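Below: entry_37.cif (mmCIF, N, CA and C atoms)
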```cif
data_work
#
loop_
_atom_site.label_atom_id
_atom_site.label_comp_id
_atom_site.auth_asym_id
_atom_site.auth_seq_id
_atom_site.Cartn_x
_atom_site.Cartn_y
_atom_site.Cartn_z
N MET A 976 435.66 147.93 179.85
CA MET A 976 434.62 148.75 180.41
C MET A 976 434.98 149.09 181.85
N ALA A 977 434.74 150.32 182.27
CA ALA A 977 435.10 150.79 183.61
C ALA A 977 434.11 150.25 184.64
N LYS A 978 434.65 149.97 185.83
CA LYS A 978 433.80 149.50 186.92
C LYS A 978 432.90 150.64 187.39
N PRO A 979 431.66 150.35 187.75
CA PRO A 979 430.82 151.42 188.28
C PRO A 979 431.30 151.84 189.66
N LYS A 980 431.20 153.11 189.97
CA LYS A 980 431.61 153.63 191.27
C LYS A 980 430.57 153.24 192.32
N PRO A 981 431.02 152.88 193.53
CA PRO A 981 430.06 152.51 194.57
C PRO A 981 429.24 153.72 195.02
N ASN A 982 428.02 153.47 195.42
CA ASN A 982 427.12 154.52 195.90
C ASN A 982 427.36 154.72 197.40
N LEU A 983 427.93 155.81 197.78
CA LEU A 983 428.24 156.09 199.18
C LEU A 983 427.25 157.05 199.81
N ALA A 984 426.13 157.28 199.15
CA ALA A 984 425.17 158.26 199.63
C ALA A 984 424.67 157.96 201.04
N GLY A 985 424.53 156.72 201.41
CA GLY A 985 423.99 156.39 202.73
C GLY A 985 425.04 155.90 203.70
N ALA A 986 426.30 156.13 203.43
CA ALA A 986 427.37 155.61 204.27
C ALA A 986 427.33 156.15 205.69
N PHE A 987 426.85 157.37 205.87
CA PHE A 987 426.85 157.97 207.20
C PHE A 987 425.48 157.98 207.85
N ASP A 988 424.51 157.33 207.22
CA ASP A 988 423.17 157.27 207.81
C ASP A 988 423.22 156.48 209.11
N GLY A 989 422.55 156.95 210.12
CA GLY A 989 422.48 156.26 211.40
C GLY A 989 423.58 156.64 212.37
N LEU A 990 424.55 157.39 211.92
CA LEU A 990 425.61 157.83 212.83
C LEU A 990 425.14 159.07 213.58
N THR A 991 425.52 159.17 214.84
CA THR A 991 425.17 160.35 215.63
C THR A 991 426.41 161.18 215.86
N MET A 992 426.23 162.46 215.94
CA MET A 992 427.34 163.37 216.18
C MET A 992 427.59 163.46 217.68
N PRO A 993 428.85 163.38 218.12
CA PRO A 993 429.13 163.55 219.54
C PRO A 993 428.88 164.99 219.96
N GLU A 994 428.60 165.16 221.26
CA GLU A 994 428.40 166.51 221.77
C GLU A 994 429.72 167.27 221.72
N PRO A 995 429.67 168.54 221.38
CA PRO A 995 430.91 169.31 221.37
C PRO A 995 431.46 169.47 222.79
N ALA A 996 432.78 169.53 222.89
CA ALA A 996 433.42 169.69 224.19
C ALA A 996 433.06 171.06 224.76
N ARG A 997 432.83 171.07 226.04
CA ARG A 997 432.50 172.35 226.70
C ARG A 997 433.78 173.11 227.02
N ALA A 998 433.65 174.40 227.01
CA ALA A 998 434.77 175.25 227.40
C ALA A 998 434.97 175.13 228.91
N PRO A 999 436.21 175.23 229.40
CA PRO A 999 436.43 175.14 230.84
C PRO A 999 435.68 176.25 231.58
N SER A 1000 435.28 175.92 232.78
CA SER A 1000 434.56 176.91 233.59
C SER A 1000 435.49 178.06 233.97
N ARG A 1001 434.90 179.15 234.39
CA ARG A 1001 435.70 180.32 234.79
C ARG A 1001 436.62 179.97 235.94
N ALA A 1002 436.14 179.17 236.89
CA ALA A 1002 436.98 178.79 238.04
C ALA A 1002 438.21 178.02 237.56
N ARG A 1003 438.02 177.15 236.58
CA ARG A 1003 439.15 176.37 236.07
C ARG A 1003 440.13 177.26 235.32
N ARG A 1004 439.61 178.23 234.55
CA ARG A 1004 440.50 179.15 233.83
C ARG A 1004 441.31 179.97 234.81
N VAL A 1005 440.71 180.42 235.91
CA VAL A 1005 441.43 181.19 236.92
C VAL A 1005 442.49 180.33 237.57
N ALA A 1006 442.14 179.07 237.88
CA ALA A 1006 443.12 178.16 238.49
C ALA A 1006 444.28 177.93 237.53
N SER A 1007 444.00 177.78 236.24
CA SER A 1007 445.07 177.57 235.26
C SER A 1007 445.98 178.78 235.20
N ALA A 1008 445.42 179.96 235.26
CA ALA A 1008 446.22 181.18 235.22
C ALA A 1008 447.10 181.28 236.46
N GLN A 1009 446.58 180.89 237.61
CA GLN A 1009 447.38 180.95 238.83
C GLN A 1009 448.51 179.93 238.76
N GLU A 1010 448.23 178.74 238.25
CA GLU A 1010 449.27 177.73 238.12
C GLU A 1010 450.36 178.20 237.17
N ALA A 1011 449.98 178.88 236.12
CA ALA A 1011 450.95 179.35 235.14
C ALA A 1011 451.90 180.38 235.74
N THR A 1012 451.45 181.15 236.71
CA THR A 1012 452.32 182.16 237.30
C THR A 1012 453.29 181.54 238.31
N GLU A 1013 453.06 180.28 238.69
CA GLU A 1013 453.94 179.64 239.66
C GLU A 1013 455.20 179.07 239.02
N THR A 1014 455.26 179.03 237.70
CA THR A 1014 456.44 178.52 237.02
C THR A 1014 456.86 179.50 235.92
N VAL A 1015 458.11 179.39 235.54
CA VAL A 1015 458.63 180.18 234.42
C VAL A 1015 459.42 179.24 233.51
N LEU A 1016 459.55 179.61 232.27
CA LEU A 1016 460.32 178.82 231.32
C LEU A 1016 461.79 179.21 231.42
N VAL A 1017 462.63 178.21 231.65
CA VAL A 1017 464.07 178.41 231.64
C VAL A 1017 464.59 177.49 230.54
N GLY A 1018 465.15 178.07 229.50
CA GLY A 1018 465.57 177.23 228.39
C GLY A 1018 466.78 177.78 227.68
N ALA A 1019 467.30 176.97 226.78
CA ALA A 1019 468.46 177.36 225.98
C ALA A 1019 468.48 176.52 224.72
N ASN A 1020 469.04 177.05 223.67
CA ASN A 1020 469.28 176.27 222.45
C ASN A 1020 470.63 175.61 222.59
N LEU A 1021 470.62 174.29 222.73
CA LEU A 1021 471.84 173.52 222.96
C LEU A 1021 472.05 172.53 221.83
N PRO A 1022 473.27 172.02 221.68
CA PRO A 1022 473.52 171.00 220.67
C PRO A 1022 472.68 169.74 220.94
N PRO A 1023 472.37 168.97 219.91
CA PRO A 1023 471.52 167.79 220.05
C PRO A 1023 472.02 166.76 221.06
N ARG A 1024 473.32 166.71 221.30
CA ARG A 1024 473.85 165.71 222.24
C ARG A 1024 473.27 165.89 223.64
N TYR A 1025 472.93 167.14 224.02
CA TYR A 1025 472.34 167.38 225.33
C TYR A 1025 470.95 166.75 225.41
N ALA A 1026 470.19 166.88 224.36
CA ALA A 1026 468.84 166.27 224.33
C ALA A 1026 468.94 164.75 224.37
N ARG A 1027 469.90 164.19 223.63
CA ARG A 1027 470.07 162.73 223.63
C ARG A 1027 470.47 162.23 225.01
N ASN A 1028 471.43 162.91 225.65
CA ASN A 1028 471.88 162.48 226.98
C ASN A 1028 470.77 162.63 228.01
N LEU A 1029 469.99 163.69 227.90
CA LEU A 1029 468.88 163.89 228.82
C LEU A 1029 467.84 162.79 228.63
N ALA A 1030 467.57 162.43 227.38
CA ALA A 1030 466.61 161.35 227.10
C ALA A 1030 467.13 160.01 227.64
N MET A 1031 468.43 159.78 227.53
CA MET A 1031 469.02 158.54 228.07
C MET A 1031 468.88 158.49 229.58
N LEU A 1032 469.18 159.60 230.25
CA LEU A 1032 469.03 159.64 231.71
C LEU A 1032 467.57 159.43 232.11
N HIS A 1033 466.67 160.02 231.36
CA HIS A 1033 465.24 159.85 231.63
C HIS A 1033 464.87 158.38 231.54
N ALA A 1034 465.36 157.69 230.51
CA ALA A 1034 465.04 156.28 230.33
C ALA A 1034 465.69 155.41 231.41
N GLU A 1035 466.90 155.74 231.81
CA GLU A 1035 467.62 154.94 232.80
C GLU A 1035 467.09 155.12 234.20
N THR A 1036 466.74 156.36 234.56
CA THR A 1036 466.35 156.66 235.94
C THR A 1036 464.85 156.64 236.17
N GLY A 1037 464.08 156.87 235.12
CA GLY A 1037 462.63 156.97 235.28
C GLY A 1037 462.18 158.33 235.76
N LYS A 1038 463.14 159.23 236.00
CA LYS A 1038 462.79 160.59 236.40
C LYS A 1038 462.39 161.38 235.16
N SER A 1039 461.50 162.35 235.34
CA SER A 1039 461.11 163.18 234.21
C SER A 1039 462.29 164.08 233.83
N LYS A 1040 462.25 164.57 232.60
CA LYS A 1040 463.30 165.47 232.14
C LYS A 1040 463.31 166.73 232.98
N LYS A 1041 462.13 167.18 233.40
CA LYS A 1041 462.04 168.36 234.25
C LYS A 1041 462.75 168.11 235.58
N GLU A 1042 462.51 166.95 236.19
CA GLU A 1042 463.18 166.62 237.46
C GLU A 1042 464.69 166.56 237.29
N LEU A 1043 465.13 165.97 236.19
CA LEU A 1043 466.58 165.88 235.94
C LEU A 1043 467.21 167.26 235.79
N LEU A 1044 466.54 168.14 235.05
CA LEU A 1044 467.07 169.49 234.88
C LEU A 1044 467.06 170.27 236.19
N GLN A 1045 466.00 170.09 237.00
CA GLN A 1045 465.96 170.77 238.30
C GLN A 1045 467.10 170.29 239.19
N GLU A 1046 467.34 168.99 239.19
CA GLU A 1046 468.43 168.43 240.00
C GLU A 1046 469.78 168.98 239.53
N ALA A 1047 469.97 169.04 238.22
CA ALA A 1047 471.24 169.55 237.68
C ALA A 1047 471.43 171.02 238.04
N LEU A 1048 470.38 171.82 237.93
CA LEU A 1048 470.51 173.24 238.28
C LEU A 1048 470.76 173.42 239.77
N ASP A 1049 470.10 172.63 240.62
CA ASP A 1049 470.36 172.70 242.06
C ASP A 1049 471.82 172.40 242.36
N MET A 1050 472.35 171.36 241.73
CA MET A 1050 473.75 171.00 241.94
C MET A 1050 474.68 172.12 241.46
N PHE A 1051 474.34 172.74 240.34
CA PHE A 1051 475.14 173.84 239.81
C PHE A 1051 475.14 175.03 240.77
N PHE A 1052 473.96 175.40 241.28
CA PHE A 1052 473.87 176.53 242.21
C PHE A 1052 474.69 176.27 243.47
N VAL A 1053 474.62 175.06 244.01
CA VAL A 1053 475.39 174.72 245.21
C VAL A 1053 476.88 174.76 244.91
N SER A 1054 477.29 174.28 243.73
CA SER A 1054 478.72 174.27 243.39
C SER A 1054 479.28 175.68 243.24
N LYS A 1055 478.43 176.64 242.93
CA LYS A 1055 478.87 178.03 242.81
C LYS A 1055 478.77 178.80 244.11
N GLY A 1056 478.56 178.08 245.21
CA GLY A 1056 478.57 178.72 246.50
C GLY A 1056 477.21 179.08 247.06
N GLY A 1057 476.16 178.77 246.32
CA GLY A 1057 474.82 179.01 246.82
C GLY A 1057 474.36 177.87 247.70
N ALA A 1058 473.33 178.10 248.41
CA ALA A 1058 472.78 177.08 249.30
C ALA A 1058 471.57 176.42 248.68
N GLY A 1059 471.51 176.37 247.38
CA GLY A 1059 470.34 175.80 246.72
C GLY A 1059 469.38 176.91 246.35
N LEU A 1060 468.15 176.53 246.16
CA LEU A 1060 467.14 177.50 245.74
C LEU A 1060 466.73 178.41 246.88
N LYS A 1061 466.56 179.66 246.57
CA LYS A 1061 466.06 180.62 247.54
C LYS A 1061 464.64 180.95 247.16
N LEU A 1062 463.74 180.76 248.07
CA LEU A 1062 462.32 181.02 247.77
C LEU A 1062 461.92 182.42 248.10
#
```

File written out as structure tokens:
Amino acid sequence: MAKPKPNLAGAFDGLTMPEPARAPSRARRVASAQEATETVLVGANLPPRYARNLAMLHAETGKSKKELLQEALDMFFVSKGGAGLKL
């Protein structure tokens, strides 16, 4: 004989629904848009070994991957005769 199925009709009784998250204010949206214009994406599709080595450096130095890439690009620009970043 099959076991009777449990009655789950009241399983959610007494639970309250959390308030929905509010949308960011207009001032915050404007600030986010301004922050977004201060940076640009610089990327490339590289072999996986670059990602592994970058992750290893991140783990060894504690610097973020972004900081490591910025440092590498600065060194590259200087090696090619530039004086670093030009603002």

Practice problem: Report the residues of chain A whose backbone DSSP state falls under alpha helix (DSSP H), written as a PyMOL selection string. | Solution: chain A and resi 1001-1012+1023-1036+1040-1054

Practice problem: Using only C-alpha atoms, pick whichever of A:Lys1040, A:Glu1013, A:Pro993, A:Gly1056 has the shortest atom-to-atom distance to Arg1027 in chain A. | Solution: A:Lys1040

Quiz item: Between CA of Thr1036 in chain A and CA of Ser1054 in chain A, what is the spacing in Å?
Solution: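 Atom-to-atom, CA of Ser1054 in chain A to CA of Thr1036 in chain A, that is 22.8 Å.
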
Quiz item: If you measure from CA of Leu1032 in chain A to CA of Met1050 in chain A, what distance in Å do you get, rounded to one decimal?
Solution: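 Those two atoms sit 16.0 Å apart.
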
Quiz item: Which value, in Å to one decimal, gives the distance between atom N of Ala1047 in chain A and atom N of Val1017 in chain A?
Solution: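 We find that atom N of Ala1047 in chain A and atom N of Val1017 in chain A lie 13.5 Å from each other.
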